[in-house]
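See structure below.
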Amino acid sequence: MSALPRFSMSVDDGHPLDLRMADLLQSHEIKATFYLPITNQEGAPVLSAASMRELSRSFEVGSHTRSHRFLNTLHGAEAWREIIDGKQQLQDQLGEEVEGFCYPGGRYHHLHKLQVRSAGFRYARTTQNLRIDLEFPLYEMPTTAQFYPHTRSVFFRNFISQRHWRKRSEALSVSLASDDWLIRLQTLLDLAIEQRGVFHLWCHSIDIEKLQLWNQLDDFLSRVTRQIGKDQRVHNRDLIAAGSDVSTVDSSQ
Ligand SMILES: [Zn+2]
């Protein structure tokens with residue numbers, strides 16, 4: 001773990017409200033990584049190429065496949081096209097290399113980790129929660145929590161299904177101590193700080209809008225800036241550089 005606690009943040013799906021999210025993050029001097037598909041087959045709007053370029057000037061931009069399809073539902077060749085086309089088209093729009101990838105829906109198999117590596121990505125992010133350590137395989141970067149009013153049972157189901165239980169058990173027990181989801185996030189932030197780990201928050205801008213959580217997110221980010229120094233608020237790719245003990249591909253799954 002690093003000498004000082006860190007904070008990172010992911011914003012998924014490239015909804016046009018990501019521009020509002022970017023303004024909020026910049027007002028707190030917080031870095032984030034936006035994972036963008038080119039289109040969204042679920043029908044949600046996606047940022048224009050000009051807006052993607054604007055985001056990339058201040059934040060890390062990663063790929064989220066070409067059309068936001070769950071890789072575990074596709075044949076191998078289809079999954080490959082989603083991964084490689086998503087990377088190339090995003091790079092063409094940005095005019096720069098895209099290093100990070102995020103699995104849509106957190107759904108993937110071992111093959112997809114190999115495909116993501118072959119496509120030239122340096123790392124991939126999952127939706128595994130309750131992690132505050134930096135000891136993860138490059139193509140399975142975990143998170144700490146989603147900014148969403150999940151119930152205790154959702155936390156628990158994620159805990160059971162996403163394995164790595166030993167590294168996550170303390171975060172699970174402290175987070176389940178409260179019924180209030182915001183207090184749960186604050187408790188997890190406190191734990192990450194106490195253990196000098198990393199708190200990795202993720203969200204969808206459209207969820208924040210639909211549930212009217214902008215003020216709560218603003219308050220939470222204020223708490224982050226009071227407790228974690230500016231230099232320790234990093235892009236996800238910086239977590240890779242910081243990790244000293246990451247294996248390239250975890251073959252245990
Ligand atoms: Zn997504």
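If you're wondering about the labels, chains in the structure tokens are A, B, ... by order shown, residues count from 1 in each chain, ligands from 1 in order shown.
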| task | Using only C-alpha atoms, determine which residues lie at most 6 Å from stretch 9-15 of chain A, disregarding the query and same-chain residues fewer than 4 positions distant; provide the list as a ChimeraX atom specification. | result | /A:32-36,45-47,200-204
| Got a sec: who's within 12 Å of A:Leu74, counting only C-alpha atoms, leaving out chain neighbours fewer than 4 positions off, as a VMD selection string? | chain A and resid 68 to 70 78 to 83 107 to 109 111 to 112
| task | Could you give me, as a PyMOL selection string, the residues within 9 Å of A:Ile240, counting only C-alpha atoms and dropping anything in the same chain fewer than 5 positions from it? | result | chain A and resi 122-123+134+138+141+246
Written file, previous selection with all heavy atoms, as an mmCIF file, in the first residue's frame:
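Saved as part.cif:
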```cif
data_model
loop_
_atom_site.group_PDB
_atom_site.id
_atom_site.type_symbol
_atom_site.label_atom_id
_atom_site.label_comp_id
_atom_site.auth_asym_id
_atom_site.auth_seq_id
_atom_site.Cartn_x
_atom_site.Cartn_y
_atom_site.Cartn_z
ATOM 1 N N ARG A 122 -3.668 -1.451 -20.871
ATOM 2 C CA ARG A 122 -2.731 -1.716 -19.767
ATOM 3 C C ARG A 122 -3.420 -2.301 -18.551
ATOM 4 O O ARG A 122 -2.778 -2.897 -17.685
ATOM 5 C CB ARG A 122 -2.020 -0.422 -19.353
ATOM 6 C CG ARG A 122 -0.956 0.036 -20.329
ATOM 7 C CD ARG A 122 -0.271 1.283 -19.797
ATOM 8 N NE ARG A 122 0.362 1.041 -18.509
ATOM 9 C CZ ARG A 122 0.426 1.941 -17.529
ATOM 10 N NH1 ARG A 122 -0.085 3.132 -17.690
ATOM 11 N NH2 ARG A 122 1.024 1.658 -16.391
ATOM 12 N N TYR A 123 -4.729 -2.067 -18.419
ATOM 13 C CA TYR A 123 -5.445 -2.592 -17.245
ATOM 14 C C TYR A 123 -6.940 -2.623 -17.559
ATOM 15 O O TYR A 123 -7.394 -2.029 -18.551
ATOM 16 C CB TYR A 123 -5.185 -1.708 -16.008
ATOM 17 C CG TYR A 123 -5.939 -0.400 -16.024
ATOM 18 C CD1 TYR A 123 -7.208 -0.298 -15.450
ATOM 19 C CD2 TYR A 123 -5.426 0.725 -16.647
ATOM 20 C CE1 TYR A 123 -7.922 0.899 -15.494
ATOM 21 C CE2 TYR A 123 -6.125 1.923 -16.683
ATOM 22 C CZ TYR A 123 -7.372 1.999 -16.099
ATOM 23 O OH TYR A 123 -8.079 3.168 -16.145
ATOM 24 N N LEU A 134 -4.217 -2.419 -2.953
ATOM 25 C CA LEU A 134 -3.692 -2.231 -4.315
ATOM 26 C C LEU A 134 -3.137 -3.522 -4.905
ATOM 27 O O LEU A 134 -2.472 -3.496 -5.929
ATOM 28 C CB LEU A 134 -2.601 -1.165 -4.309
ATOM 29 C CG LEU A 134 -3.087 0.289 -4.236
ATOM 30 C CD1 LEU A 134 -1.936 1.218 -3.888
ATOM 31 C CD2 LEU A 134 -3.716 0.713 -5.548
ATOM 32 N N LEU A 138 -3.682 -6.897 -13.031
ATOM 33 C CA LEU A 138 -3.870 -5.733 -13.912
ATOM 34 C C LEU A 138 -5.223 -5.718 -14.619
ATOM 35 O O LEU A 138 -5.791 -4.657 -14.838
ATOM 36 C CB LEU A 138 -2.791 -5.727 -15.001
ATOM 37 C CG LEU A 138 -1.388 -5.289 -14.591
ATOM 38 C CD1 LEU A 138 -0.453 -5.409 -15.795
ATOM 39 C CD2 LEU A 138 -1.402 -3.872 -14.067
ATOM 40 N N MET A 141 -8.986 -4.783 -11.919
ATOM 41 C CA MET A 141 -8.935 -3.706 -10.921
ATOM 42 C C MET A 141 -10.290 -3.634 -10.194
ATOM 43 O O MET A 141 -11.331 -3.489 -10.836
ATOM 44 C CB MET A 141 -8.657 -2.363 -11.608
ATOM 45 C CG MET A 141 -8.659 -1.188 -10.635
ATOM 46 S SD MET A 141 -8.537 0.405 -11.499
ATOM 47 C CE MET A 141 -6.804 0.402 -11.954
ATOM 48 N N VAL A 246 1.491 -6.560 -8.708
ATOM 49 C CA VAL A 246 0.382 -7.005 -9.538
ATOM 50 C C VAL A 246 0.869 -7.978 -10.599
ATOM 51 O O VAL A 246 1.866 -7.737 -11.260
ATOM 52 C CB VAL A 246 -0.347 -5.817 -10.209
ATOM 53 C CG1 VAL A 246 -1.180 -5.069 -9.200
ATOM 54 C CG2 VAL A 246 0.632 -4.881 -10.876
#
```
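Proximity ranking of A:Leu90, A:Ile38, A:Ile193, A:Ala241 relative to A:Arg223 places A:Ile193 first, based on only C-alpha atoms.
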| query | Between A:Gln88, A:Thr144, A:Ser205, A:Ser153, which is the closest to ligand 1 once you count only C-alpha atoms and all ligand atoms? | reply |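 Among the listed residues, A:Ser205 lies closest to ligand 1.
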| Excluding same-chain residues fewer than 4 positions from A:Arg157, what lies within 12 Å of it counting only C-alpha atoms, as a list in words? |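 Selected residues are Gln128, Asn129, Leu130, His150, Thr151, Arg152, Ser153, Ser161, Gln162, Arg163, Trp165 and Leu172 of chain A.
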| If you run DSSP on the backbone, which residues of stretch 46-167 of chain A are helix (DSSP H, G or I), as a ChimeraX atom specification? | /A:49-58,71-73,76-94,104-106,110-118,152-161,165-167
| message | List as an NGL selection string the protein and nucleic acid residues near stretch 225-236 of chain A, meaning an atom at most 7 Å away when only C-alpha atoms are counted, but skip any in the same chain fewer than 6 places from it. | response | :A and (5-8 or 28 or 30-33 or 60)
Tell me, as a PDB file with N, CA and C atoms, in the first residue's frame, which residues lie within 8 Å of A:Met52, counting only C-alpha atoms; anything in the same chain fewer than 4 positions away does not count.
```pdb
ATOM      1  N   LEU A  47     -22.006  10.787 -25.004  1.00  0.00           N
ATOM      2  CA  LEU A  47     -21.325  12.055 -25.302  1.00  0.00           C
ATOM      3  C   LEU A  47     -20.908  12.155 -26.774  1.00  0.00           C
ATOM      4  N   SER A  48     -20.915  13.354 -27.321  1.00  0.00           N
ATOM      5  CA  SER A  48     -20.391  13.575 -28.667  1.00  0.00           C
ATOM      6  C   SER A  48     -18.868  13.446 -28.648  1.00  0.00           C
ATOM      7  N   SER A  56     -11.269  14.503 -21.968  1.00  0.00           N
ATOM      8  CA  SER A  56      -9.918  13.929 -21.949  1.00  0.00           C
ATOM      9  C   SER A  56      -8.843  14.977 -21.674  1.00  0.00           C
ATOM     10  N   GLN A  93     -11.324   9.269 -31.994  1.00  0.00           N
ATOM     11  CA  GLN A  93     -12.070  10.469 -31.585  1.00  0.00           C
ATOM     12  C   GLN A  93     -11.224  11.381 -30.699  1.00  0.00           C
ATOM     13  N   LEU A  94     -10.402  10.766 -29.841  1.00  0.00           N
ATOM     14  CA  LEU A  94      -9.612  11.564 -28.892  1.00  0.00           C
ATOM     15  C   LEU A  94      -8.286  12.026 -29.483  1.00  0.00           C
TER      16      LEU A  94
END
```
| query | Can you list, as an MDAnalysis selection string, every residue of stretch 3-177 of chain A that DSSP puts in strand (DSSP E)? | reply | chainID A and resid 6:12 33:36 60:63 100:102 123:125 145:146
| Counting only C-alpha atoms and all ligand atoms, which of A:Lys167, A:His75, A:Arg125, A:Arg237 gets nearest to ligand 1? | A:Arg125
| Given only C-alpha atoms and all ligand atoms as the counted atoms, nearest of A:Glu42, A:Asp133, A:Glu209, A:Asp23 to ligand 1 |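 Among the listed residues, A:Glu42 lies closest to ligand 1.
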